[in-house]
file target.txt (compact mmCIF, C-alpha atoms and all ligand atoms)
# COMPACT_ATOMS: atom_id res chain seq x y z
CA MET A 1058 36.38 -73.26 -30.57
CA VAL A 1059 35.75 -70.22 -32.69
CA ARG A 1060 32.25 -68.96 -32.16
CA ASP A 1061 30.22 -67.67 -35.06
CA THR A 1062 29.48 -64.01 -34.86
CA TRP A 1063 26.72 -62.22 -36.68
CA ALA A 1064 26.98 -62.47 -40.44
CA THR A 1065 26.59 -58.75 -40.98
CA ARG A 1066 27.09 -55.71 -38.81
CA THR A 1067 23.38 -55.23 -38.45
CA GLY A 1068 22.71 -58.97 -38.10
CA PHE A 1069 22.39 -58.80 -34.35
CA ILE A 1070 19.92 -55.93 -34.36
CA LEU A 1071 17.88 -57.63 -37.06
CA ALA A 1072 17.75 -60.90 -35.18
CA ALA A 1073 16.93 -59.22 -31.88
CA VAL A 1074 14.23 -57.10 -33.52
CA GLY A 1075 12.99 -60.25 -35.27
CA SER A 1076 12.62 -61.88 -31.88
CA ALA A 1077 11.00 -58.87 -30.25
CA VAL A 1078 8.54 -57.94 -32.99
CA GLY A 1079 5.85 -60.55 -33.29
CA LEU A 1080 2.43 -61.55 -32.09
CA GLY A 1081 3.22 -59.73 -28.87
CA ASN A 1082 3.02 -56.37 -30.62
CA ILE A 1083 0.20 -56.94 -33.05
CA TRP A 1084 -2.01 -59.50 -31.35
CA ARG A 1085 -1.29 -59.38 -27.61
CA PHE A 1086 -0.79 -55.65 -27.07
CA PRO A 1087 -4.20 -54.55 -28.43
CA PHE A 1088 -5.84 -57.53 -26.75
CA LEU A 1089 -4.49 -56.60 -23.31
CA THR A 1090 -5.15 -52.91 -23.85
CA GLY A 1091 -8.79 -53.74 -24.49
CA GLU A 1092 -8.99 -56.02 -21.49
CA SER A 1093 -7.19 -53.68 -19.11
CA GLY A 1094 -8.95 -50.36 -19.48
CA GLY A 1095 -7.49 -48.80 -22.63
CA ALA A 1096 -5.26 -45.74 -22.48
CA VAL A 1097 -4.38 -46.16 -18.80
CA PHE A 1098 -2.88 -49.51 -19.60
CA VAL A 1099 -0.94 -47.97 -22.49
CA VAL A 1100 0.58 -45.32 -20.20
CA VAL A 1101 1.62 -47.87 -17.57
CA TYR A 1102 3.02 -50.15 -20.26
CA LEU A 1103 5.10 -47.35 -21.81
CA ALA A 1104 6.42 -46.32 -18.40
CA LEU A 1105 7.42 -49.91 -17.59
CA VAL A 1106 9.11 -50.39 -20.96
CA ALA A 1107 11.31 -47.35 -20.32
CA LEU A 1108 11.89 -47.82 -16.61
CA ILE A 1109 12.20 -51.62 -16.38
CA GLY A 1110 12.30 -53.10 -19.89
CA LEU A 1111 15.27 -51.16 -21.23
CA PRO A 1112 17.47 -51.74 -18.13
CA VAL A 1113 16.62 -55.45 -18.07
CA MET A 1114 17.45 -55.77 -21.76
CA LEU A 1115 20.87 -54.32 -20.95
CA VAL A 1116 21.19 -56.81 -18.08
CA GLU A 1117 20.73 -59.65 -20.56
CA PHE A 1118 23.08 -58.08 -23.12
CA VAL A 1119 25.81 -57.63 -20.53
CA ILE A 1120 25.52 -61.26 -19.36
CA GLY A 1121 25.49 -62.57 -22.93
CA ARG A 1122 28.38 -60.56 -24.31
CA ARG A 1123 30.54 -61.00 -21.20
CA SER A 1124 30.08 -64.78 -21.04
CA GLU A 1125 29.82 -65.55 -24.77
CA ARG A 1126 27.48 -68.33 -23.71
CA ASN A 1127 23.79 -69.15 -23.64
CA PRO A 1128 22.04 -68.91 -20.25
CA VAL A 1129 23.14 -72.38 -19.09
CA GLY A 1130 26.82 -71.86 -19.76
CA ALA A 1131 26.82 -68.16 -18.97
CA PHE A 1132 26.77 -68.34 -15.18
CA ARG A 1133 29.40 -71.07 -15.10
CA ARG A 1134 31.63 -69.03 -17.38
CA LEU A 1135 31.18 -65.94 -15.23
CA GLY A 1136 32.21 -67.93 -12.17
CA HIS A 1137 28.76 -68.13 -10.56
CA PRO A 1138 27.34 -71.53 -11.54
CA SER A 1139 24.76 -71.57 -8.77
CA TRP A 1140 22.80 -68.85 -10.60
CA LYS A 1141 22.15 -71.08 -13.57
CA PHE A 1142 18.66 -71.87 -12.26
CA ALA A 1143 17.77 -68.57 -13.98
CA GLY A 1144 18.26 -70.49 -17.23
CA ALA A 1145 15.84 -73.16 -16.04
CA ILE A 1146 13.13 -70.58 -15.32
CA GLY A 1147 13.67 -69.23 -18.82
CA ALA A 1148 13.52 -72.64 -20.45
CA LEU A 1149 10.27 -73.45 -18.65
CA ALA A 1150 8.79 -70.11 -19.71
CA GLY A 1151 9.90 -70.77 -23.27
CA PHE A 1152 8.27 -74.16 -23.27
CA ILE A 1153 4.91 -72.81 -22.19
CA ILE A 1154 5.00 -69.64 -24.28
CA LEU A 1155 5.90 -71.43 -27.49
CA SER A 1156 3.15 -74.01 -26.95
CA TYR A 1157 0.39 -71.43 -27.34
CA TYR A 1158 2.36 -68.95 -29.46
CA SER A 1159 2.28 -71.66 -32.10
CA VAL A 1160 -1.50 -71.93 -31.79
CA VAL A 1161 -1.88 -68.20 -32.41
CA GLY A 1162 0.66 -68.49 -35.23
CA GLY A 1163 -1.67 -71.15 -36.65
CA TRP A 1164 -4.56 -68.65 -36.57
CA VAL A 1165 -2.44 -66.31 -38.69
CA LEU A 1166 -1.82 -69.08 -41.22
CA GLN A 1167 -5.56 -69.70 -41.41
CA TYR A 1168 -6.15 -66.00 -42.06
CA ILE A 1169 -3.63 -66.09 -44.91
CA VAL A 1170 -5.58 -68.92 -46.52
CA ALA A 1171 -8.86 -67.12 -45.90
CA SER A 1172 -7.56 -63.87 -47.43
CA PHE A 1173 -6.82 -65.58 -50.72
CA SER A 1174 -9.95 -67.73 -50.80
CA GLY A 1175 -12.54 -65.16 -49.74
CA GLY A 1176 -12.98 -67.07 -46.50
CA TYR A 1177 -13.61 -64.46 -43.81
CA THR A 1178 -16.58 -62.88 -45.50
CA GLY A 1179 -19.73 -62.56 -43.48
CA ASP A 1180 -19.55 -62.50 -39.72
CA THR A 1181 -15.89 -61.99 -38.87
CA GLY A 1182 -16.58 -62.65 -35.18
CA ALA A 1183 -18.00 -66.07 -35.97
CA PHE A 1184 -15.09 -66.71 -38.31
CA PHE A 1185 -12.64 -65.99 -35.51
CA VAL A 1186 -14.39 -68.39 -33.15
CA GLN A 1187 -14.17 -71.10 -35.81
CA THR A 1188 -10.49 -70.36 -36.36
CA ALA A 1189 -9.39 -70.10 -32.76
CA SER A 1190 -10.35 -73.48 -31.31
CA GLY A 1191 -11.04 -76.96 -32.60
CA THR A 1192 -9.79 -79.14 -35.42
CA ASN A 1193 -8.58 -76.32 -37.66
CA ALA A 1194 -6.70 -74.69 -34.81
CA ILE A 1195 -4.99 -78.00 -34.04
CA ILE A 1196 -4.01 -78.68 -37.66
CA TYR A 1197 -2.54 -75.21 -38.17
CA HIS A 1198 -0.82 -75.34 -34.76
CA ALA A 1199 0.93 -78.48 -36.07
CA ILE A 1200 1.89 -76.74 -39.31
CA PHE A 1201 3.27 -73.68 -37.52
CA MET A 1202 5.26 -75.82 -35.07
CA ALA A 1203 6.66 -77.90 -37.95
CA LEU A 1204 7.82 -74.71 -39.69
CA VAL A 1205 9.59 -73.48 -36.57
CA ALA A 1206 11.21 -76.87 -35.94
CA GLY A 1207 12.33 -77.01 -39.57
CA ILE A 1208 13.97 -73.59 -39.39
CA VAL A 1209 15.72 -74.40 -36.11
CA SER A 1210 16.97 -77.82 -37.33
CA LEU A 1211 18.38 -76.34 -40.50
CA GLY A 1212 20.06 -73.60 -38.48
CA VAL A 1213 19.32 -71.00 -41.14
CA ARG A 1214 20.34 -67.94 -39.23
CA ASP A 1215 21.20 -65.90 -42.32
CA GLY A 1216 17.80 -66.64 -43.79
CA LEU A 1217 16.21 -65.25 -40.67
CA GLU A 1218 18.27 -62.12 -40.71
CA ARG A 1219 17.10 -61.56 -44.26
CA ALA A 1220 13.49 -62.33 -43.36
CA ALA A 1221 13.60 -59.84 -40.50
CA LYS A 1222 15.12 -57.20 -42.74
CA LEU A 1223 12.16 -57.43 -45.10
CA MET A 1224 9.52 -58.05 -42.46
CA VAL A 1225 10.08 -55.10 -40.14
CA PRO A 1226 9.74 -52.29 -42.71
CA SER A 1227 6.84 -54.09 -44.41
CA VAL A 1228 4.95 -54.46 -41.15
CA ILE A 1229 5.49 -50.79 -40.37
CA VAL A 1230 4.37 -49.63 -43.82
CA LEU A 1231 1.29 -51.84 -43.76
CA LEU A 1232 0.30 -50.71 -40.28
CA VAL A 1233 0.73 -47.07 -41.25
CA ILE A 1234 -1.48 -47.58 -44.31
CA LEU A 1235 -4.10 -49.31 -42.17
CA ALA A 1236 -3.93 -46.63 -39.47
CA VAL A 1237 -4.43 -43.90 -42.08
CA TYR A 1238 -7.29 -45.83 -43.64
CA ALA A 1239 -8.85 -46.28 -40.19
CA ALA A 1240 -8.70 -42.53 -39.63
CA THR A 1241 -10.87 -41.93 -42.70
CA LEU A 1242 -13.70 -44.14 -41.45
CA PRO A 1243 -16.81 -42.82 -39.69
CA ASP A 1244 -17.58 -43.29 -35.99
CA THR A 1245 -14.04 -43.96 -34.89
CA GLY A 1246 -14.16 -41.35 -32.09
CA PRO A 1247 -14.84 -43.72 -29.19
CA GLY A 1248 -12.00 -45.98 -30.41
CA TYR A 1249 -9.42 -43.19 -30.28
CA GLU A 1250 -10.78 -41.95 -27.00
CA PHE A 1251 -10.55 -45.40 -25.41
CA TYR A 1252 -7.01 -45.94 -26.68
CA LEU A 1253 -5.52 -42.48 -26.27
CA SER A 1254 -7.21 -40.66 -23.45
CA PRO A 1255 -6.27 -42.12 -20.08
CA ASN A 1256 -8.75 -42.18 -17.28
CA VAL A 1257 -7.05 -42.00 -13.90
CA ASP A 1258 -10.02 -43.48 -12.06
CA THR A 1259 -9.62 -46.68 -14.04
CA PHE A 1260 -6.10 -47.06 -12.73
CA ALA A 1261 -7.06 -46.35 -9.16
CA SER A 1262 -9.75 -49.00 -9.24
CA ASP A 1263 -7.85 -51.60 -11.20
CA ALA A 1264 -4.13 -51.21 -10.45
CA VAL A 1265 -4.00 -54.75 -9.13
CA ASN A 1266 -4.76 -56.10 -12.59
CA ILE A 1267 -3.15 -53.41 -14.73
CA LEU A 1268 0.33 -53.57 -13.19
CA PRO A 1269 1.06 -57.27 -13.67
CA ALA A 1270 -0.54 -57.23 -17.11
CA ALA A 1271 1.56 -54.25 -18.25
CA ALA A 1272 4.77 -55.66 -16.77
CA GLY A 1273 4.17 -59.08 -18.30
CA GLN A 1274 3.50 -57.45 -21.66
CA ALA A 1275 6.67 -55.34 -21.44
CA PHE A 1276 8.74 -58.49 -20.87
CA PHE A 1277 6.91 -60.56 -23.46
CA THR A 1278 7.08 -58.03 -26.25
CA LEU A 1279 10.78 -57.31 -25.67
CA SER A 1280 11.60 -61.04 -25.40
CA LEU A 1281 12.97 -60.55 -21.87
CA GLY A 1282 13.18 -62.71 -18.79
CA MET A 1283 13.86 -65.90 -20.69
CA GLY A 1284 17.47 -65.58 -21.77
CA VAL A 1285 16.78 -65.15 -25.48
CA MET A 1286 18.60 -61.82 -25.45
CA ILE A 1287 21.47 -63.41 -23.48
CA THR A 1288 21.92 -65.95 -26.25
CA TYR A 1289 21.68 -63.41 -29.06
CA SER A 1290 24.14 -60.98 -27.49
CA SER A 1291 26.61 -63.79 -26.77
CA TYR A 1292 27.66 -63.55 -30.41
CA LEU A 1293 28.34 -59.82 -30.22
CA GLY A 1294 31.68 -58.13 -30.73
CA GLU A 1295 33.12 -55.83 -28.06
CA ASP A 1296 32.92 -52.90 -30.47
CA ARG A 1297 29.14 -52.74 -30.39
CA ASN A 1298 27.51 -50.08 -28.28
CA LEU A 1299 24.99 -52.03 -26.18
CA LEU A 1300 23.09 -48.94 -25.09
CA ASN A 1301 22.55 -47.76 -28.67
CA ASP A 1302 21.50 -51.20 -29.83
CA SER A 1303 19.01 -51.63 -27.01
CA LEU A 1304 17.48 -48.20 -27.64
CA ILE A 1305 16.95 -49.07 -31.31
CA ILE A 1306 15.36 -52.42 -30.50
CA VAL A 1307 13.05 -51.00 -27.83
CA ALA A 1308 12.04 -48.05 -30.03
CA ILE A 1309 11.11 -50.21 -33.03
CA ASP A 1310 9.23 -52.72 -30.92
CA THR A 1311 7.25 -50.06 -29.06
CA PHE A 1312 6.45 -48.12 -32.21
CA ILE A 1313 4.96 -51.20 -33.85
CA ALA A 1314 2.78 -51.98 -30.83
CA ILE A 1315 1.45 -48.42 -30.67
CA LEU A 1316 0.67 -48.54 -34.40
CA ALA A 1317 -1.21 -51.82 -33.94
CA GLY A 1318 -3.46 -50.10 -31.41
CA LEU A 1319 -4.02 -47.19 -33.79
CA VAL A 1320 -5.38 -49.73 -36.25
CA THR A 1321 -7.39 -51.99 -33.95
CA PHE A 1322 -9.38 -49.55 -31.83
CA PRO A 1323 -10.66 -47.18 -34.54
CA PHE A 1324 -11.61 -50.23 -36.64
CA LEU A 1325 -13.48 -51.83 -33.75
CA ALA A 1326 -15.28 -48.55 -33.00
CA SER A 1327 -16.18 -47.92 -36.60
CA GLN A 1328 -17.58 -51.43 -36.88
CA GLY A 1329 -19.75 -50.69 -33.86
CA GLN A 1330 -18.08 -53.33 -31.68
CA ASP A 1331 -18.07 -53.05 -27.92
CA LEU A 1332 -14.52 -51.89 -27.19
CA VAL A 1333 -14.11 -53.41 -23.79
CA GLN A 1334 -15.72 -56.69 -24.59
CA ASP A 1335 -14.69 -57.26 -28.18
CA GLY A 1336 -11.48 -55.31 -27.77
CA GLY A 1337 -10.75 -57.30 -24.66
CA GLY A 1338 -10.90 -60.67 -26.30
CA ALA A 1339 -8.05 -62.58 -27.87
CA GLY A 1340 -9.75 -62.01 -31.22
CA ALA A 1341 -9.67 -58.17 -31.19
CA VAL A 1342 -7.09 -57.75 -33.93
CA PHE A 1343 -8.29 -60.62 -36.07
CA ILE A 1344 -11.95 -59.66 -35.93
CA SER A 1345 -11.47 -55.97 -36.57
CA LEU A 1346 -8.89 -56.42 -39.31
CA ALA A 1347 -10.85 -59.05 -41.18
CA ALA A 1348 -13.89 -56.80 -41.18
CA ALA A 1349 -11.77 -53.90 -42.44
CA PHE A 1350 -10.25 -56.00 -45.23
CA GLU A 1351 -13.79 -56.81 -46.36
CA THR A 1352 -14.55 -53.19 -47.08
CA MET A 1353 -11.29 -51.49 -47.98
CA PRO A 1354 -10.17 -51.23 -51.63
CA ALA A 1355 -8.18 -54.33 -52.64
CA GLY A 1356 -8.81 -55.49 -49.08
CA HIS A 1357 -8.24 -59.18 -49.58
CA LEU A 1358 -4.90 -58.59 -51.22
CA VAL A 1359 -3.82 -56.14 -48.52
CA GLY A 1360 -5.09 -58.62 -45.93
CA GLY A 1361 -3.21 -61.51 -47.47
CA VAL A 1362 0.06 -59.56 -47.54
CA PHE A 1363 -0.53 -58.32 -44.00
CA PHE A 1364 -1.11 -61.79 -42.59
CA ILE A 1365 1.93 -63.17 -44.46
CA MET A 1366 4.09 -60.48 -42.85
CA LEU A 1367 2.54 -61.24 -39.48
CA ALA A 1368 3.36 -64.92 -39.97
CA VAL A 1369 6.98 -64.04 -40.74
CA ALA A 1370 7.10 -61.84 -37.64
CA ALA A 1371 5.66 -64.69 -35.57
CA LEU A 1372 8.13 -67.20 -37.03
CA THR A 1373 11.21 -65.09 -36.26
CA SER A 1374 9.98 -64.77 -32.64
CA ALA A 1375 9.03 -68.43 -32.29
CA PHE A 1376 12.42 -69.38 -33.72
CA SER A 1377 14.18 -67.46 -30.96
CA ILE A 1378 12.16 -69.28 -28.30
CA LEU A 1379 12.73 -72.78 -29.68
CA GLU A 1380 16.43 -72.03 -30.22
CA MET A 1381 16.75 -71.08 -26.58
CA VAL A 1382 14.88 -74.14 -25.30
CA VAL A 1383 16.88 -76.44 -27.60
CA SER A 1384 20.25 -75.03 -26.57
CA TYR A 1385 19.22 -75.34 -22.93
CA VAL A 1386 18.36 -79.02 -23.36
CA VAL A 1387 21.33 -79.81 -25.61
CA ASP A 1388 23.78 -78.22 -23.18
CA THR A 1389 22.24 -79.60 -20.02
CA PHE A 1390 21.63 -83.18 -21.11
CA ASP A 1391 24.28 -83.46 -23.77
CA ILE A 1392 22.13 -84.78 -26.62
CA ALA A 1393 22.36 -84.13 -30.34
CA ARG A 1394 20.75 -81.02 -31.75
CA VAL A 1395 18.45 -82.22 -34.50
CA PRO A 1396 16.77 -85.06 -32.59
CA ALA A 1397 16.48 -82.72 -29.57
CA THR A 1398 14.78 -80.10 -31.75
CA LEU A 1399 12.29 -82.55 -33.21
CA ALA A 1400 11.49 -84.17 -29.88
CA LEU A 1401 11.04 -80.82 -28.13
CA ALA A 1402 8.85 -79.49 -30.93
CA ALA A 1403 6.64 -82.57 -30.62
CA ILE A 1404 6.37 -82.19 -26.84
CA ILE A 1405 5.64 -78.47 -27.12
CA PHE A 1406 2.96 -79.22 -29.73
CA VAL A 1407 1.24 -81.62 -27.32
CA ILE A 1408 1.48 -79.19 -24.40
CA GLY A 1409 -0.19 -76.56 -26.59
CA LEU A 1410 -3.16 -78.76 -27.52
CA PRO A 1411 -5.48 -77.63 -24.70
CA THR A 1412 -4.96 -74.01 -25.77
CA ALA A 1413 -6.06 -74.95 -29.30
CA MET A 1414 -9.27 -76.40 -27.90
CA ASP A 1415 -10.34 -73.81 -25.36
CA LEU A 1416 -9.37 -70.12 -25.15
CA ASN A 1417 -9.52 -70.25 -21.35
CA TYR A 1418 -6.48 -72.51 -21.38
CA LEU A 1419 -4.71 -70.10 -23.66
CA ASP A 1420 -5.35 -67.37 -21.13
CA ALA A 1421 -4.19 -69.58 -18.27
CA TYR A 1422 -0.90 -70.51 -20.00
CA ASP A 1423 -0.31 -66.95 -21.14
CA LYS A 1424 -0.84 -65.30 -17.76
CA PHE A 1425 1.28 -67.86 -15.95
CA ALA A 1426 4.23 -67.72 -18.32
CA ASN A 1427 4.31 -63.95 -18.78
CA ASN A 1428 3.05 -62.34 -15.64
CA ILE A 1429 4.79 -64.84 -13.35
CA LEU A 1430 7.68 -66.71 -15.01
CA LEU A 1431 9.13 -63.94 -17.18
CA ILE A 1432 8.92 -61.49 -14.29
CA ALA A 1433 10.62 -64.01 -11.99
CA GLY A 1434 13.33 -64.56 -14.60
CA GLY A 1435 13.92 -60.82 -14.96
CA LEU A 1436 14.07 -60.45 -11.18
CA VAL A 1437 16.73 -63.13 -10.79
CA LEU A 1438 18.86 -61.77 -13.64
CA SER A 1439 18.69 -58.24 -12.26
CA LEU A 1440 19.59 -59.33 -8.74
CA PHE A 1441 22.60 -61.14 -10.15
CA ILE A 1442 23.85 -58.13 -12.08
CA GLY A 1443 22.96 -55.56 -9.43
CA TRP A 1444 24.33 -57.35 -6.38
CA VAL A 1445 26.78 -60.01 -7.49
CA PHE A 1446 28.31 -58.87 -10.74
CA ALA A 1447 27.94 -55.08 -10.73
CA SER A 1448 31.48 -53.92 -11.39
CA ASP A 1449 32.14 -56.38 -14.23
CA ALA A 1450 28.73 -55.49 -15.63
CA LEU A 1451 29.59 -51.80 -15.66
CA GLU A 1452 32.87 -52.52 -17.37
CA GLU A 1453 31.07 -54.58 -20.01
CA LEU A 1454 28.43 -51.90 -20.57
CA GLY A 1455 31.20 -49.37 -21.13
CA GLN A 1456 32.83 -51.47 -23.91
CA GLY A 1457 32.27 -50.07 -27.36
CA ARG A 1458 31.36 -46.69 -25.88
CA GLY A 1459 34.74 -45.63 -24.58
CA GLY A 1460 33.94 -46.14 -20.89
CA ASN A 1461 31.10 -45.40 -18.55
CA GLY A 1462 28.99 -42.27 -18.44
CA GLY A 1463 26.19 -40.89 -16.33
CA PHE A 1464 23.72 -43.32 -17.80
CA ASP A 1465 25.71 -46.25 -16.45
CA THR A 1466 25.41 -45.06 -12.85
CA TYR A 1467 21.71 -44.52 -13.33
CA TRP A 1468 21.43 -47.98 -14.87
CA ILE A 1469 23.18 -49.90 -12.12
CA ASN A 1470 21.12 -48.16 -9.45
CA VAL A 1471 17.91 -48.91 -11.26
CA VAL A 1472 18.98 -52.54 -11.64
CA ARG A 1473 19.87 -52.76 -7.96
CA TYR A 1474 16.89 -51.08 -6.40
CA VAL A 1475 14.08 -50.03 -8.71
CA VAL A 1476 13.83 -53.17 -10.83
CA PRO A 1477 13.87 -55.72 -7.96
CA ILE A 1478 11.34 -53.78 -5.89
CA ALA A 1479 9.04 -53.16 -8.83
CA LEU A 1480 9.25 -56.76 -9.98
CA LEU A 1481 8.67 -58.17 -6.51
CA VAL A 1482 5.54 -56.07 -6.09
CA THR A 1483 4.38 -57.07 -9.56
CA LEU A 1484 5.05 -60.72 -8.87
CA ALA A 1485 3.06 -60.67 -5.65
CA LEU A 1486 0.12 -59.01 -7.42
CA ALA A 1487 0.40 -61.39 -10.36
CA ILE A 1488 0.31 -64.49 -8.19
CA GLN A 1489 -2.68 -63.21 -6.27
CA GLU A 1490 -4.47 -62.31 -9.50
CA TYR A 1491 -3.62 -65.65 -11.04
CA VAL A 1492 -5.14 -67.62 -8.20
CA GLU A 1493 -8.32 -65.58 -8.52
CA PHE A 1494 -8.32 -66.09 -12.27
CA LEU A 1495 -8.00 -69.86 -11.93
CA GLN A 1496 -10.80 -69.96 -9.38
CA THR A 1497 -13.25 -67.93 -11.42
CA THR A 1498 -12.37 -69.58 -14.72
CA PHE A 1499 -12.04 -73.23 -13.88
CA PHE A 1500 -13.79 -73.89 -10.56
N1 LIG B 1 8.68 -60.88 -28.25
C1 LIG B 1 7.91 -61.82 -28.98
C2 LIG B 1 6.64 -61.15 -29.49
O1 LIG B 1 6.37 -60.04 -29.16
C3 LIG B 1 7.59 -63.06 -28.17
C4 LIG B 1 8.73 -63.60 -27.39
C5 LIG B 1 8.67 -63.66 -26.01
C6 LIG B 1 9.89 -64.04 -28.03
C7 LIG B 1 9.73 -64.13 -25.25
C8 LIG B 1 10.95 -64.51 -27.30
C9 LIG B 1 10.89 -64.54 -25.92
O2 LIG B 1 5.89 -61.72 -30.22

call {"tool": "encode", "arguments": {"input": "target.txt", "output": "structure tokens"}}
result
Amino acid sequence: MVRDTWATRTGFILAAVGSAVGLGNIWRFPFLTGESGGAVFVVVYLALVALIGLPVMLVEFVIGRRSERNPVGAFRRLGHPSWKFAGAIGALAGFIILSYYSVVGGWVLQYIVASFSGGYTGDTGAFFVQTASGTNAIIYHAIFMALVAGIVSLGVRDGLERAAKLMVPSVIVLLVILAVYAATLPDTGPGYEFYLSPNVDTFASDAVNILPAAAGQAFFTLSLGMGVMITYSSYLGEDRNLLNDSLIIVAIDTFIAILAGLVTFPFLASQGQDLVQDGGGAGAVFISLAAAFETMPAGHLVGGVFFIMLAVAALTSAFSILEMVVSYVVDTFDIARVPATLALAAIIFVIGLPTAMDLNYLDAYDKFANNILLIAGGLVLSLFIGWVFASDALEELGQGRGGNGGFDTYWINVVRYVVPIALLVTLALAIQEYVEFLQTTFF
């Protein structure tokens, strides 16, 4: 069978960036930064992206391109079928993540409607509460899920490449405009200070929470730990330079997250919101942006365009998750693609319902899937490459670059030692934190 490859030379990067850039950058990053102490969290997050995220992305790329298979088939093809449980961890994570990702995607759809109908006027905090849980949240969760299922059933990969091509520059331009506008507002000082000036004491007193949160965010935002990047890179030609491609993807993704913070925190400060409390809620971005769109020139139009772009960003990410879950199920149970897609979308919709009714459930799903499952997935994949498949992996990484260089030696050592140790520590902290979270939230 001849496998499709990417339609255009840049198709792979566009699709991978489309998967990476999404609600993780614009909604989740500012939300966690607020909740986890501000600038200290940002520093830890950046360090983990460079030290762990980039090497793990290369782990997935090497597995995908070498095997030319999705995570289920990959380990069989590489001669190590017993490792395919890594694919199962990924599929489970995908299931849970998509179930609430779609709920947040539904919020974005509601904000599009509100932008064009003057809906978020008045108290933007109260508007967020109305949006986030209850009947509206459920209806728009259904609409978002239906859109994702439709795109996956039609298999419109080219359409997505085109959507990503338009979305990424538009999101960047809009965020830059908003960041510049934010800088002109009064009373933004505390916002910048909170976001940009790290306080070491905060880390010392709160490392137990900051580490798992930052690691989970690094994996989530880069779409790692789940096998999405394995699937995408399985269509790649041997002439592509994996290191270059991963640097581009990581740089764009990180840049967009940092910009989102440069918008959220000055806005929150200028609106006189409590940064830790309001900035630490799931509504940080929505509340602060809606209030800003109320006052800025042509705000509702800018807001409408912004939320449309955010919806496109969310759709290209959600697509990559559903694709991965569908191919897992289709390959494992040998059922037809379209019915599998529709059935899985329906099941995922139902699983997401509690998170559309109560934000505590959203938190519970989110922490479990990211801080525990994605980290576990990344750990297993790295152990495989570092200890079972190292020499083939190095050969694969050298393809398209004319052999291995100093970076490759660094990479394999990081994958062998640094990544597993760091992820094990993170996982232990995350599990401990999760148990505490469940106790204080639900019991
Ligand atoms: N990276 C996406 C985002 O930031 C979410 C995602 C996570 C997509 C895991 C695929 C896999 O929004």

call {"tool": "axis_aligned_box", "arguments": {"input": "target.txt", "around": "ligand LIG 1 (chain B)", "padding_each_side": "3 Å", "output": "AutoDock Vina command-line options"}}
result
--center_x 8.4 --center_y -62.3 --center_z -27.7 --size_x 11.1 --size_y 10.5 --size_z 11.0

call {"tool": "atom_distance", "arguments": {"input": "target.txt", "atom1": "CA of Phe1201 (chain A)", "atom2": "CA of Leu1166 (chain A)"}}
result
7.8 Å

call {"tool": "closest_residue", "arguments": {"input": "target.txt", "among": "A:Leu1232, A:Leu1332, A:Ala1450, A:Leu1436", "to": "Phe1088 (chain A)", "atoms": "only C-alpha atoms"}}
result
A:Leu1332

call {"tool": "residues_near_ligand", "arguments": {"input": "target.txt", "ligand": "ligand LIG 1 (chain B)", "cutoff": "7 Å", "atoms": "all atoms listed in the file", "output": "PyMOL selection string"}}
result
chain A and resi 1076-1082+1151+1277-1281+1283+1285+1371+1374-1375+1377-1378

call {"tool": "closest_atom_pairs", "arguments": {"input": "target.txt", "of": "region 1127-1238 of chain A", "to": "region 1313-1327 of chain A", "cutoff": "12 Å", "atoms": "all atoms listed in the file", "output": "CSV"}}
result
residue,atom,partner,partner_atom,distance
A:Thr1181,CA,A:Leu1325,CA,11.6
A:Gly1182,CA,A:Leu1325,CA,11.3
A:Met1224,CA,A:Ile1313,CA,11.9
A:Val1225,CA,A:Ile1313,CA,9.0
A:Pro1226,CA,A:Ile1313,CA,10.1
A:Ser1227,CA,A:Ile1313,CA,11.1
A:Val1228,CA,A:Ile1313,CA,8.0
A:Ile1229,CA,A:Ile1313,CA,6.6
A:Val1230,CA,A:Ile1313,CA,10.1
A:Leu1231,CA,A:Leu1316,CA,9.9
A:Leu1232,CA,A:Leu1316,CA,6.3
A:Val1233,CA,A:Leu1316,CA,7.0
A:Ile1234,CA,A:Val1320,CA,9.2
A:Leu1235,CA,A:Val1320,CA,6.1
A:Ala1236,CA,A:Val1320,CA,4.7
A:Val1237,CA,A:Val1320,CA,8.3
A:Tyr1238,CA,A:Val1320,CA,8.6

call {"tool": "atom_distance", "arguments": {"input": "target.txt", "atom1": "CA of Val1129 (chain A)", "atom2": "CA of Tyr1385 (chain A)"}}
result
6.2 Å

call {"tool": "closest_residue", "arguments": {"input": "target.txt", "among": "A:Ser1290, A:Asn1298, A:Thr1352, A:Ser1439", "to": "Ala1239 (chain A)", "atoms": "only C-alpha atoms"}}
result
A:Thr1352

call {"tool": "closest_residue", "arguments": {"input": "target.txt", "among": "A:Phe1464, A:Phe1376, A:Phe1251, A:Phe1390", "to": "Ala1220 (chain A)", "atoms": "all atoms listed in the file"}}
result
A:Phe1376

call {"tool": "atom_distance", "arguments": {"input": "target.txt", "atom1": "CA of Ile1306 (chain A)", "atom2": "CA of Leu1115 (chain A)"}}
result
11.2 Å

call {"tool": "closest_atom_pairs", "arguments": {"input": "target.txt", "of": "region 1355-1407 of chain A", "to": "region 1134-1150 of chain A", "cutoff": "10 Å", "atoms": "all atoms listed in the file", "output": "tab-separated table"}}
result
residue	atom	partner	partner_atom	distance
A:Ile1378	CA	A:Ala1148	CA	8.6
A:Leu1379	CA	A:Ala1148	CA	9.3
A:Met1381	CA	A:Ala1148	CA	7.1
A:Val1382	CA	A:Ala1148	CA	5.3
A:Val1383	CA	A:Ala1148	CA	8.8
A:Ser1384	CA	A:Ala1148	CA	9.4
A:Tyr1385	CA	A:Ala1148	CA	6.8
A:Val1386	CA	A:Ala1148	CA	8.5
A:Thr1389	CA	A:Ala1145	CA	9.9
